[in-house]
file final.pdb (PDB, C-alpha atoms)
ATOM      1  CA  MET A   1       0.000   0.000   0.000
ATOM      2  CA  THR A   2       1.185   3.519  -0.709
ATOM      3  CA  SER A   3       0.900   6.511   1.575
ATOM      4  CA  PRO A   4       0.309   9.404  -0.791
ATOM      5  CA  ASP A   5       1.636  12.873  -0.999
ATOM      6  CA  VAL A   6      -0.853  15.252  -2.574
ATOM      7  CA  LEU A   7       0.041  15.690  -6.233
ATOM      8  CA  ARG A   8      -0.829  18.676  -8.355
ATOM      9  CA  SER A   9      -2.112  16.865 -11.434
ATOM     10  CA  PRO A  10      -2.838  13.249 -12.366
ATOM     11  CA  GLU A  11      -1.479  11.227 -15.259
ATOM     12  CA  SER A  12      -3.474   8.474 -16.905
ATOM     13  CA  ALA A  13      -0.574   6.041 -16.451
ATOM     14  CA  VAL A  14      -1.153   5.969 -12.688
ATOM     15  CA  GLY A  15      -4.403   4.075 -13.219
ATOM     16  CA  ARG A  16      -3.311   1.956 -16.166
ATOM     17  CA  GLY A  17      -4.804  -1.544 -15.974
ATOM     18  CA  ALA A  18      -6.237  -0.978 -12.486
ATOM     19  CA  VAL A  19      -9.700  -0.664 -10.995
ATOM     20  CA  VAL A  20      -9.882   3.024 -10.015
ATOM     21  CA  VAL A  21     -12.319   4.277  -7.387
ATOM     22  CA  GLY A  22     -13.053   7.812  -6.238
ATOM     23  CA  PHE A  23     -13.137   8.480  -2.486
ATOM     24  CA  ASP A  24     -14.260  11.740  -0.850
ATOM     25  CA  GLY A  25     -14.765  10.612   2.745
ATOM     26  CA  SER A  26     -18.509  10.093   2.410
ATOM     27  CA  GLY A  27     -20.323   6.880   3.269
ATOM     28  CA  ARG A  28     -21.356   6.429  -0.360
ATOM     29  CA  SER A  29     -17.780   6.689  -1.605
ATOM     30  CA  ARG A  30     -16.717   4.172   1.058
ATOM     31  CA  GLN A  31     -19.385   1.793  -0.254
ATOM     32  CA  ALA A  32     -17.971   2.321  -3.742
ATOM     33  CA  ALA A  33     -14.439   1.559  -2.533
ATOM     34  CA  ARG A  34     -15.527  -1.679  -0.898
ATOM     35  CA  TRP A  35     -17.372  -2.711  -4.078
ATOM     36  CA  ALA A  36     -14.316  -1.805  -6.162
ATOM     37  CA  ALA A  37     -12.043  -3.859  -3.871
ATOM     38  CA  ARG A  38     -14.103  -6.995  -4.448
ATOM     39  CA  GLU A  39     -14.224  -6.294  -8.184
ATOM     40  CA  ALA A  40     -10.464  -5.729  -8.441
ATOM     41  CA  ALA A  41      -9.808  -8.951  -6.537
ATOM     42  CA  SER A  42     -12.107 -10.917  -8.874
ATOM     43  CA  ARG A  43     -10.224  -9.524 -11.890
ATOM     44  CA  GLY A  44      -6.772 -10.062 -10.353
ATOM     45  CA  LEU A  45      -6.027  -6.339 -10.731
ATOM     46  CA  ARG A  46      -4.620  -3.563  -8.595
ATOM     47  CA  LEU A  47      -7.033  -1.206  -6.802
ATOM     48  CA  LEU A  48      -6.291   2.523  -6.994
ATOM     49  CA  VAL A  49      -8.164   4.768  -4.548
ATOM     50  CA  VAL A  50      -8.200   8.427  -5.617
ATOM     51  CA  ASN A  51      -9.053  11.440  -3.485
ATOM     52  CA  VAL A  52      -9.321  14.961  -4.892
ATOM     53  CA  ILE A  53      -8.625  18.048  -2.794
ATOM     54  CA  ARG A  54     -10.129  21.305  -3.904
ATOM     55  CA  GLY A  55      -8.462  24.560  -2.822
ATOM     56  CA  PRO A  56      -7.765  27.339  -2.211
ATOM     57  CA  PHE A  57      -7.134  27.214   1.538
ATOM     58  CA  PRO A  58      -8.210  27.983   4.155
ATOM     59  CA  GLU A  59     -11.834  27.219   3.527
ATOM     60  CA  VAL A  60     -14.866  25.842   5.269
ATOM     61  CA  VAL A  61     -14.650  22.064   5.092
ATOM     62  CA  VAL A  62     -17.680  19.849   5.688
ATOM     63  CA  THR A  63     -16.526  16.356   6.627
ATOM     64  CA  PRO A  64     -19.100  13.515   6.399
ATOM     65  CA  VAL A  65     -17.114  11.331   8.800
ATOM     66  CA  SER A  66     -17.394  10.427  12.444
ATOM     67  CA  MET A  67     -14.357  12.382  13.718
ATOM     68  CA  PRO A  68     -15.001  16.130  14.031
ATOM     69  CA  MET A  69     -12.637  18.660  12.475
ATOM     70  CA  PRO A  70     -12.398  22.397  12.966
ATOM     71  CA  GLN A  71     -14.603  24.133  10.445
ATOM     72  CA  LEU A  72     -11.810  26.436   9.335
ATOM     73  CA  VAL A  73      -8.681  24.518   8.458
ATOM     74  CA  GLY A  74      -5.552  25.138   6.474
ATOM     75  CA  GLU A  75      -3.960  23.258   3.614
ATOM     76  CA  LYS A  76      -1.491  21.338   5.790
ATOM     77  CA  ALA A  77      -4.240  19.966   8.034
ATOM     78  CA  VAL A  78      -6.443  18.938   5.104
ATOM     79  CA  ARG A  79      -3.608  17.113   3.380
ATOM     80  CA  ALA A  80      -2.631  15.261   6.566
ATOM     81  CA  TYR A  81      -6.268  14.365   7.176
ATOM     82  CA  THR A  82      -6.547  13.072   3.601
ATOM     83  CA  ARG A  83      -3.460  10.876   3.928
ATOM     84  CA  ASP A  84      -4.702   9.355   7.178
ATOM     85  CA  HIS A  85      -8.139   8.508   5.838
ATOM     86  CA  LEU A  86      -6.819   7.088   2.584
ATOM     87  CA  ALA A  87      -4.494   4.833   4.564
ATOM     88  CA  GLU A  88      -7.399   3.741   6.753
ATOM     89  CA  LEU A  89      -9.567   2.951   3.725
ATOM     90  CA  ALA A  90      -6.734   1.099   1.968
ATOM     91  CA  ALA A  91      -6.352  -1.149   5.014
ATOM     92  CA  GLU A  92     -10.107  -1.780   5.018
ATOM     93  CA  CYS A  93     -10.082  -2.735   1.333
ATOM     94  CA  ALA A  94      -7.129  -5.068   1.852
ATOM     95  CA  GLU A  95      -9.040  -6.742   4.669
ATOM     96  CA  ILE A  96     -12.065  -7.258   2.414
ATOM     97  CA  ALA A  97      -9.899  -8.863  -0.274
ATOM     98  CA  PRO A  98      -6.767 -10.425   1.270
ATOM     99  CA  GLY A  99      -3.808 -10.257  -1.090
ATOM    100  CA  LEU A 100      -5.261  -7.324  -3.040
ATOM    101  CA  GLU A 101      -2.723  -4.682  -4.047
ATOM    102  CA  VAL A 102      -4.113  -1.310  -2.965
ATOM    103  CA  ASP A 103      -2.607   2.033  -3.986
ATOM    104  CA  THR A 104      -3.838   5.458  -2.922
ATOM    105  CA  ARG A 105      -3.357   8.847  -4.530
ATOM    106  CA  ALA A 106      -4.492  12.362  -3.671
ATOM    107  CA  PHE A 107      -4.607  15.132  -6.240
ATOM    108  CA  ASP A 108      -5.513  18.785  -6.435
ATOM    109  CA  GLY A 109      -8.163  19.719  -8.971
ATOM    110  CA  HIS A 110     -11.761  19.200 -10.012
ATOM    111  CA  PRO A 111     -13.016  15.735  -8.964
ATOM    112  CA  ALA A 112     -14.626  14.760 -12.282
ATOM    113  CA  ALA A 113     -11.612  15.876 -14.318
ATOM    114  CA  VAL A 114      -9.112  14.127 -12.040
ATOM    115  CA  LEU A 115     -11.080  10.872 -11.935
ATOM    116  CA  ALA A 116     -11.578  10.894 -15.708
ATOM    117  CA  GLU A 117      -7.833  11.311 -16.263
ATOM    118  CA  THR A 118      -6.718   8.700 -13.718
ATOM    119  CA  GLY A 119      -9.340   6.306 -15.071
ATOM    120  CA  ARG A 120      -8.572   6.891 -18.748
ATOM    121  CA  GLU A 121      -6.345   3.803 -19.079
ATOM    122  CA  ALA A 122      -7.957   1.859 -16.239
ATOM    123  CA  ALA A 123      -9.888  -1.374 -16.605
ATOM    124  CA  LEU A 124     -12.810   0.191 -14.741
ATOM    125  CA  LEU A 125     -13.728   3.436 -12.971
ATOM    126  CA  VAL A 126     -15.979   3.192  -9.898
ATOM    127  CA  VAL A 127     -17.703   6.066  -8.086
ATOM    128  CA  GLY A 128     -20.377   6.457  -5.468
ATOM    129  CA  SER A 129     -23.720   8.023  -6.232
ATOM    130  CA  SER A 130     -22.736  11.114  -4.314
ATOM    131  CA  GLY A 131     -25.807  13.302  -4.094
ATOM    132  CA  ALA A 132     -25.044  16.084  -1.627
ATOM    133  CA  THR A 133     -28.544  16.503  -0.217
ATOM    134  CA  GLY A 134     -31.190  14.461   1.534
ATOM    135  CA  LEU A 135     -32.216  13.269  -1.912
ATOM    136  CA  ALA A 136     -28.886  11.488  -2.386
ATOM    137  CA  ARG A 137     -30.590   8.111  -2.685
ATOM    138  CA  VAL A 138     -32.663   9.417  -5.597
ATOM    139  CA  PHE A 139     -30.399  11.826  -7.449
ATOM    140  CA  ALA A 140     -26.783  11.187  -8.380
ATOM    141  CA  GLY A 141     -24.297  13.934  -7.550
ATOM    142  CA  SER A 142     -22.889  16.347 -10.119
ATOM    143  CA  VAL A 143     -19.479  14.612 -10.266
ATOM    144  CA  THR A 144     -21.136  11.262 -10.984
ATOM    145  CA  VAL A 145     -23.378  12.711 -13.671
ATOM    146  CA  ASP A 146     -20.485  14.612 -15.244
ATOM    147  CA  LEU A 147     -18.413  11.418 -15.481
ATOM    148  CA  ALA A 148     -21.349   9.443 -16.868
ATOM    149  CA  HIS A 149     -21.788  11.985 -19.642
ATOM    150  CA  HIS A 150     -18.139  12.480 -20.578
ATOM    151  CA  PHE A 151     -16.017   9.560 -19.395
ATOM    152  CA  THR A 152     -15.412   7.206 -22.318
ATOM    153  CA  GLY A 153     -14.502   4.023 -20.444
ATOM    154  CA  PRO A 154     -16.666   1.602 -18.473
ATOM    155  CA  LEU A 155     -18.076   3.282 -15.369
ATOM    156  CA  VAL A 156     -19.771   1.720 -12.343
ATOM    157  CA  VAL A 157     -21.900   3.899 -10.083
ATOM    158  CA  VAL A 158     -22.517   2.308  -6.688
ATOM    159  CA  ARG A 159     -25.947   3.434  -5.623
ATOM    160  CA  ASP A 160     -26.716   4.176  -1.969
ATOM    161  CA  SER A 161     -28.446   1.204  -0.350
ATOM    162  CA  GLY A 162     -30.217   3.579   2.008
ATOM    163  CA  GLU A 163     -29.401   1.433   5.009
ATOM    164  CA  GLY A 164     -26.091   2.978   6.019
ATOM    165  CA  THR A 165     -24.194  -0.184   5.201
ATOM    166  CA  ASP A 166     -22.576  -1.850   2.249
ATOM    167  CA  ASP A 167     -23.242  -5.398   3.419
ATOM    168  CA  ARG A 168     -23.945  -7.603   0.411
ATOM    169  CA  THR A 169     -27.662  -8.317   0.486
ATOM    170  CA  ASP A 170     -28.186  -8.762  -3.253
ATOM    171  CA  ASP A 171     -29.348 -12.001  -4.845
ATOM    172  CA  GLY A 172     -26.394 -12.300  -7.246
ATOM    173  CA  ARG A 173     -28.327 -11.478 -10.419
ATOM    174  CA  VAL A 174     -26.682  -9.358 -13.122
ATOM    175  CA  VAL A 175     -29.374  -7.556 -15.103
ATOM    176  CA  VAL A 176     -28.626  -6.148 -18.544
ATOM    177  CA  GLY A 177     -30.659  -4.260 -21.115
ATOM    178  CA  VAL A 178     -30.884  -5.932 -24.535
ATOM    179  CA  ASP A 179     -31.815  -3.982 -27.675
ATOM    180  CA  GLY A 180     -29.656  -5.430 -30.448
ATOM    181  CA  SER A 181     -27.432  -2.334 -30.714
ATOM    182  CA  GLU A 182     -23.628  -2.158 -30.518
ATOM    183  CA  PRO A 183     -23.704  -0.483 -27.072
ATOM    184  CA  GLY A 184     -26.199  -3.124 -25.972
ATOM    185  CA  ASP A 185     -23.908  -5.914 -27.161
ATOM    186  CA  ARG A 186     -20.980  -4.416 -25.246
ATOM    187  CA  ALA A 187     -23.157  -4.192 -22.149
ATOM    188  CA  ILE A 188     -24.050  -7.884 -22.511
ATOM    189  CA  ALA A 189     -20.373  -8.868 -22.786
ATOM    190  CA  PHE A 190     -19.636  -6.855 -19.632
ATOM    191  CA  ALA A 191     -22.567  -8.462 -17.776
ATOM    192  CA  VAL A 192     -21.584 -12.005 -18.770
ATOM    193  CA  ASP A 193     -17.993 -11.447 -17.667
ATOM    194  CA  HIS A 194     -19.114 -10.025 -14.319
ATOM    195  CA  ALA A 195     -21.564 -12.852 -13.644
ATOM    196  CA  ALA A 196     -18.962 -15.481 -14.530
ATOM    197  CA  ARG A 197     -16.361 -14.026 -12.162
ATOM    198  CA  HIS A 198     -18.750 -13.518  -9.256
ATOM    199  CA  GLY A 199     -20.786 -16.696  -9.629
ATOM    200  CA  GLY A 200     -23.992 -14.830 -10.383
ATOM    201  CA  SER A 201     -26.903 -15.373 -12.723
ATOM    202  CA  LEU A 202     -27.976 -13.336 -15.758
ATOM    203  CA  VAL A 203     -31.197 -11.558 -16.628
ATOM    204  CA  GLY A 204     -31.617 -10.116 -20.120
ATOM    205  CA  VAL A 205     -34.337  -7.450 -20.346
ATOM    206  CA  HIS A 206     -35.926  -6.196 -23.545
ATOM    207  CA  ALA A 207     -38.710  -3.611 -23.600
ATOM    208  CA  THR A 208     -40.963  -4.050 -26.624
ATOM    209  CA  THR A 209     -42.105  -0.435 -26.686
ATOM    210  CA  GLY A 210     -40.726   1.698 -29.463
ATOM    211  CA  LEU A 211     -42.102   4.942 -28.056
ATOM    212  CA  PRO A 212     -39.748   7.769 -27.004
ATOM    213  CA  VAL A 213     -38.080   6.982 -23.715
ATOM    214  CA  ASP A 214     -38.421   9.280 -20.700
ATOM    215  CA  ALA A 215     -37.086   8.338 -17.299
ATOM    216  CA  LEU A 216     -39.605   6.284 -15.342
ATOM    217  CA  THR A 217     -42.637   7.482 -17.247
ATOM    218  CA  PRO A 218     -45.424   4.971 -16.581
ATOM    219  CA  GLY A 219     -47.225   3.140 -19.360
ATOM    220  CA  GLY A 220     -45.719   2.724 -22.765
ATOM    221  CA  ALA A 221     -47.307  -0.555 -23.886
ATOM    222  CA  TRP A 222     -47.360  -1.134 -27.655
ATOM    223  CA  GLY A 223     -50.303   0.553 -29.259
ATOM    224  CA  GLN A 224     -51.933   1.573 -25.984
ATOM    225  CA  GLY A 225     -54.269   4.461 -26.660
ATOM    226  CA  MET A 226     -52.932   4.881 -30.188
ATOM    227  CA  GLY A 227     -55.286   2.658 -32.118
ATOM    228  CA  LEU A 228     -52.456   0.428 -33.326
ATOM    229  CA  GLU A 229     -53.248  -3.216 -34.020
ATOM    230  CA  LEU A 230     -49.996  -4.956 -33.195
ATOM    231  CA  ASP A 231     -49.519  -8.657 -32.652
ATOM    232  CA  VAL A 232     -48.323  -8.806 -29.051
ATOM    233  CA  GLU A 233     -47.399 -12.484 -29.249
ATOM    234  CA  GLN A 234     -45.340 -11.863 -32.357
ATOM    235  CA  LEU A 235     -43.539  -8.978 -30.659
ATOM    236  CA  GLU A 236     -42.806 -11.071 -27.586
ATOM    237  CA  GLY A 237     -41.527 -13.944 -29.710
ATOM    238  CA  ALA A 238     -39.222 -11.642 -31.646
ATOM    239  CA  ALA A 239     -37.942 -10.153 -28.371
ATOM    240  CA  GLU A 240     -37.220 -13.606 -26.929
ATOM    241  CA  THR A 241     -35.271 -14.457 -30.074
ATOM    242  CA  LEU A 242     -33.335 -11.185 -29.899
ATOM    243  CA  ILE A 243     -32.299 -11.842 -26.298
ATOM    244  CA  ALA A 244     -31.233 -15.419 -27.049
ATOM    245  CA  ARG A 245     -29.253 -14.378 -30.131
ATOM    246  CA  SER A 246     -27.571 -11.470 -28.305
ATOM    247  CA  PHE A 247     -26.211 -13.800 -25.620
ATOM    248  CA  GLU A 248     -24.986 -16.543 -27.975
ATOM    249  CA  ALA A 249     -21.400 -15.353 -28.495
ATOM    250  CA  PRO A 250     -20.665 -14.220 -24.908
ATOM    251  CA  LEU A 251     -22.141 -17.415 -23.442
ATOM    252  CA  ALA A 252     -20.008 -19.577 -25.756
ATOM    253  CA  ARG A 253     -17.112 -18.676 -23.440
ATOM    254  CA  HIS A 254     -19.187 -19.292 -20.306
ATOM    255  CA  PRO A 255     -21.523 -22.212 -21.031
ATOM    256  CA  GLU A 256     -22.168 -22.707 -17.322
ATOM    257  CA  LEU A 257     -24.240 -19.510 -17.211
ATOM    258  CA  ARG A 258     -27.931 -19.422 -17.961
ATOM    259  CA  VAL A 259     -30.027 -16.413 -18.895
ATOM    260  CA  GLU A 260     -33.483 -15.514 -17.674
ATOM    261  CA  ARG A 261     -35.243 -13.674 -20.496
ATOM    262  CA  VAL A 262     -37.574 -10.846 -19.518
ATOM    263  CA  VAL A 263     -39.773  -9.225 -22.166
ATOM    264  CA  SER A 264     -41.625  -6.186 -20.863
ATOM    265  CA  PRO A 265     -44.320  -3.966 -22.427
ATOM    266  CA  ALA A 266     -43.096  -1.096 -20.229
ATOM    267  CA  ARG A 267     -40.736   1.601 -21.334
ATOM    268  CA  PRO A 268     -37.065   0.572 -21.117
ATOM    269  CA  ALA A 269     -36.151   2.587 -18.005
ATOM    270  CA  GLN A 270     -39.149   1.299 -16.101
ATOM    271  CA  ALA A 271     -38.571  -2.291 -17.208
ATOM    272  CA  LEU A 272     -34.922  -2.194 -16.087
ATOM    273  CA  VAL A 273     -35.694  -0.674 -12.697
ATOM    274  CA  GLU A 274     -38.314  -3.338 -12.014
ATOM    275  CA  ALA A 275     -36.018  -6.189 -13.098
ATOM    276  CA  ALA A 276     -33.039  -4.871 -11.122
ATOM    277  CA  GLU A 277     -34.728  -4.771  -7.727
ATOM    278  CA  GLY A 278     -32.459  -6.718  -5.362
ATOM    279  CA  ALA A 279     -29.886  -7.431  -8.098
ATOM    280  CA  ALA A 280     -26.104  -7.345  -7.716
ATOM    281  CA  LEU A 281     -25.539  -5.164 -10.789
ATOM    282  CA  LEU A 282     -27.452  -3.480 -13.601
ATOM    283  CA  VAL A 283     -25.587  -3.019 -16.892
ATOM    284  CA  VAL A 284     -26.671  -0.589 -19.604
ATOM    285  CA  GLY A 285     -25.126   0.557 -22.863
ATOM    286  CA  SER A 286     -24.694   4.271 -23.475
ATOM    287  CA  HIS A 287     -26.754   5.497 -26.428
ATOM    288  CA  GLY A 288     -25.611   9.074 -26.952
ATOM    289  CA  ARG A 289     -26.824  10.226 -30.359
ATOM    290  CA  GLY A 290     -25.397  12.422 -33.083
ATOM    291  CA  ALA A 291     -22.056  14.111 -33.665
ATOM    292  CA  VAL A 292     -21.689  15.034 -29.982
ATOM    293  CA  ARG A 293     -22.415  11.514 -28.698
ATOM    294  CA  ARG A 294     -19.364  11.549 -26.419
ATOM    295  CA  ALA A 295     -20.916  14.404 -24.445
ATOM    296  CA  LEU A 296     -24.368  12.852 -24.285
ATOM    297  CA  LEU A 297     -25.784  10.009 -22.267
ATOM    298  CA  GLY A 298     -28.737   8.026 -23.551
ATOM    299  CA  SER A 299     -32.013   8.648 -21.772
ATOM    300  CA  VAL A 300     -32.203   5.098 -20.391
ATOM    301  CA  SER A 301     -28.648   5.215 -19.034
ATOM    302  CA  HIS A 302     -29.294   8.637 -17.548
ATOM    303  CA  ALA A 303     -32.455   7.385 -15.853
ATOM    304  CA  MET A 304     -30.572   4.481 -14.300
ATOM    305  CA  LEU A 305     -28.040   6.824 -12.686
ATOM    306  CA  HIS A 306     -30.863   8.392 -10.699
ATOM    307  CA  HIS A 307     -33.318   5.557 -10.158
ATOM    308  CA  ALA A 308     -31.609   2.169 -10.295
ATOM    309  CA  PRO A 309     -32.043   0.125  -7.085
ATOM    310  CA  CYS A 310     -28.524  -1.379  -7.299
ATOM    311  CA  PRO A 311     -25.026  -0.581  -8.650
ATOM    312  CA  VAL A 312     -25.090   0.479 -12.313
ATOM    313  CA  ALA A 313     -22.458  -0.154 -14.979
ATOM    314  CA  VAL A 314     -22.540   2.228 -17.956
ATOM    315  CA  VAL A 315     -20.717   0.761 -20.962
ATOM    316  CA  ARG A 316     -19.869   2.938 -23.931
ATOM    317  CA  GLY A 317     -20.661   1.645 -27.393
ATOM    318  CA  ASP A 318     -17.541   2.758 -29.244
ATOM    319  CA  GLY A 319     -14.374   1.040 -28.116
ATOM    320  CA  SER A 320     -12.281   3.486 -30.110
ATOM    321  CA  GLU A 321     -13.145   6.222 -27.650
ATOM    322  CA  ARG A 322     -11.044   4.634 -24.889
TER
END
call {"tool": "encode", "arguments": {"input": "final.pdb", "output": "structure tokens"}}
result
Amino acid sequence: MTSPDVLRSPESAVGRGAVVVGFDGSGRSRQAARWAAREAASRGLRLLVVNVIRGPFPEVVVTPVSMPMPQLVGEKAVRAYTRDHLAELAAECAEIAPGLEVDTRAFDGHPAAVLAETGREAALLVVGSSGATGLARVFAGSVTVDLAHHFTGPLVVVRDSGEGTDDRTDDGRVVVGVDGSEPGDRAIAFAVDHAARHGGSLVGVHATTGLPVDALTPGGAWGQGMGLELDVEQLEGAAETLIARSFEAPLARHPELRVERVVSPARPAQALVEAAEGAALLVVGSHGRGAVRRALLGSVSHAMLHHAPCPVAVVRGDGSER
């Protein structure tokens, strides 16, 4: 384990090939670090814990931890405090996953920019859903949303369980949205790999509605209220076939895994939220559209950041962006 000095700017090489997790002292970021430790151990990779200090000093510092600090502190005190808490968290992660190599780094700068740079060559970037208000369980924080919109690698957002603990109470299912697109196929590959390493099961979800998607808008069944005469059985059959075909190649490498196929008449965001209740992980592909797709997050992915009942993996559709 390393005991970090606070560095002025990150380089992508520091996170190369590692699982990188952001830590800001909050309970949600601690949950994310514990999740990332288990994930890094399952992949046989190094864990890099990154803290970002924002100046200038002195400033009012709000610390969401048990030990009180003076409200007005200087740079030296903040940096010492950061080192101590990173060392404490590194020891906790190593205890969760014995034998895991844990590094820690602290940087000056903007959290989203620093995490994006340190995670640029990483295998995975993990963050907590760090809403700063009492609505934290419902709305992801600005850093999380910024990363989800702009970070080009795979990103996992560990949602707040709402119980003040990160004990593993999930049922082991890995739920993934299936739509036949390139981002969807990458999401499936990610989900299959995760389930295989963690001994979980798979659930492929396809929503048959073709209506515009808005986060958690109720309804959305084919033809409802629109006078359309659509063959529901035919749609469901085609969806079942799509799910089966989408999993063929990834499952060829993991024949021990089986997939539960869920075909829903709800809108995609609603269908995924319902299927992911109690799951270990929800995986979605990012469907940014148009020439500025790198700066956009698809509406379903965006909805999951705010409403998913479990950790969410957002997988970009264009591998060339990494």
call {"tool": "closest_atom_pairs", "arguments": {"input": "final.pdb", "of": "region 85-201 of chain A", "to": "region 235-255 of chain A", "cutoff": "7 Å", "atoms": "only C-alpha atoms", "output": "CSV"}}
result
residue,atom,partner,partner_atom,distance
A:Val178,CA,A:Ile243,CA,6.3
A:Gly180,CA,A:Ser246,CA,6.7
A:Asp185,CA,A:Ser246,CA,6.8
A:Ala189,CA,A:Pro250,CA,5.8
A:Val192,CA,A:Pro250,CA,6.6
A:Ala196,CA,A:His254,CA,6.9
call {"tool": "closest_residue", "arguments": {"input": "final.pdb", "among": "A:Asp103, A:Asp24, A:Glu277, A:Glu233", "to": "Gly128 (chain A)", "atoms": "all atoms listed in the file"}}
result
A:Asp24
call {"tool": "resolve_selection", "arguments": {"input": "final.pdb", "expression": "the PyMOL selection byres ((chain A and resi 20) around 12)", "output": "number ranges by chain"}}
result
A: 12-19, 21-23, 32-37, 39-40, 45-51, 102-105, 114-128, 153-156
call {"tool": "resolve_selection", "arguments": {"input": "final.pdb", "expression": "the PyMOL selection byres ((chain A and resi 315) around 6)", "output": "list in words"}}
result
Pro154, Ala187, Gly285, Ser286, Val314 and Arg316 of chain A
call {"tool": "write_last_selection", "arguments": {"input": "final.pdb", "atoms": "C-alpha atoms", "output": "mmCIF file, in the frame of the given file"}}
result
data_model
loop_
_atom_site.group_PDB
_atom_site.id
_atom_site.type_symbol
_atom_site.label_atom_id
_atom_site.label_comp_id
_atom_site.auth_asym_id
_atom_site.auth_seq_id
_atom_site.Cartn_x
_atom_site.Cartn_y
_atom_site.Cartn_z
ATOM 1 C CA PRO A 154 -16.666 1.602 -18.473
ATOM 2 C CA ALA A 187 -23.157 -4.192 -22.149
ATOM 3 C CA GLY A 285 -25.126 0.557 -22.863
ATOM 4 C CA SER A 286 -24.694 4.271 -23.475
ATOM 5 C CA VAL A 314 -22.540 2.228 -17.956
ATOM 6 C CA ARG A 316 -19.869 2.938 -23.931
#
call {"tool": "closest_residue", "arguments": {"input": "final.pdb", "among": "A:Pro10, A:Gly27, A:Gly199, A:Gly99", "to": "Gly44 (chain A)", "atoms": "all atoms listed in the file"}}
result
A:Gly99
call {"tool": "residues_around", "arguments": {"input": "final.pdb", "residues": "Ala275 (chain A)", "least_positions_apart": "4", "cutoff": "10 Å", "atoms": "only C-alpha atoms", "output": "ChimeraX atom specification"}}
result
/A:173-177,203-205,262,264,270-271,279,282,308-309
call {"tool": "atom_distance", "arguments": {"input": "final.pdb", "atom1": "CA of Asp146 (chain A)", "atom2": "CA of His307 (chain A)"}}
result
16.5 Å
call {"tool": "resolve_selection", "arguments": {"input": "final.pdb", "expression": "the PyMOL selection byres ((chain A and resi 269) around 7)", "output": "list in words"}}
result
Ala215, Leu216, Arg267, Pro268, Gln270, Ala271, Leu272, Val273, Val300, Ala303 and Met304 of chain A
call {"tool": "atom_distance", "arguments": {"input": "final.pdb", "atom1": "CA of Arg43 (chain A)", "atom2": "CA of Arg197 (chain A)"}}
result
7.6 Å
call {"tool": "atom_distance", "arguments": {"input": "final.pdb", "atom1": "CA of Thr208 (chain A)", "atom2": "CA of Gly184 (chain A)"}}
result
14.8 Å
